[in-house]
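A short write-up of the structure that comes next.
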Amino acid sequence: MSFELILFYLFATVLTVAALGVITVKNSVHAALLLVLTFFTAAALWLLLQAEFLAIALVLVYVGAVMVLFLFVVMMLDIKVEPLREGFVRYLPIGAIVAVVMLVEMLGLIGLKTMSAQALPADPAGASNTAWLGKALFTQFLLPFEVAAVILTVALIAAVMLTLRRRVGVKSQDPAKQVAVKASERVRIVKMESASKGGTP
């Protein structure tokens, strides 16, 4: 059994266990940390397949952006769970375990890179996989790339329009009316007779 196959089985096991942990743990912060480990291990598997661009994109986009957004949502939700408010030290063990596993995966990939010979790139001319992917994306597959960009743009516009649509029974702000308000209209003074606690004037 080669070292690369051992790393594949190790990464696959970690990926499966971390993904199961995301959907089984009760603490949302623990689930977020396990999701980071899941994304990172999937990126390590991409590196085993000599797909460096996809691995880096997975780490930068999902771990660096999507997970930050997810953590913001978790922190903004009004989850009435007392352990979530007990401080940083409570999450230190699971965070340390995730960090150690990620370090072991990185060291394993570095060891594989030093032990194995240089892999043949996808481009026969000798360019890197990232350069080959960019060239293929903007030459051979330019039309599907542009279609995907148009679909994402239409989805973004549709999401904005659905958010700003007028709905009956829903309170919404009208910035034009808020700006056009006059100082005399902000406060209305009402004169009325005073009454005692019994209800008689």
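Order determines the names: the first chain of the structure tokens is A, the second B, and so forth; residues in each chain are numbered 1 upward, and ligands are numbered 1 upward as they are shown.
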
**OP:** Find the spatial neighbours of segment 4-14 of chain A, counting only C-alpha atoms, within a cut-off of 10 Å - ignore same-chain residues fewer than 5 positions away - and output them as a ChimeraX atom specification.
**Re:** /A:19-20,37-38,40-45,48-49,101-102,105,108-109,111-113,115-116

**OP:** Mind checking which residues fall within 10 Å of Val29 of chain A, counting only C-alpha atoms, ignoring those fewer than 5 positions away in the same chain, and posting them as a PyMOL selection string?
**Re:** chain A and resi 22+34-35+70-71+74-75+84+91+94-95

Original post:
In Å, how far is it from atom CA of Ser184 of chain A to atom CA of Lys171 of chain A?
Top reply: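 Calculated distance between atom CA of Ser184 of chain A and atom CA of Lys171 of chain A is 24.1 Å.
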
Subject >> Nearest residue to Ser28 of chain A from the set A:Leu54, A:Ala148, A:Val181, A:Val73 (distances using only C-alpha atoms) >> reply: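 Nearest to Ser28 of chain A: A:Val73.
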
Original post:
Between atom CA of Phe39 of chain A and atom CA of Leu15 of chain A, what is the spacing in Å?
Top reply: 8.2 Å
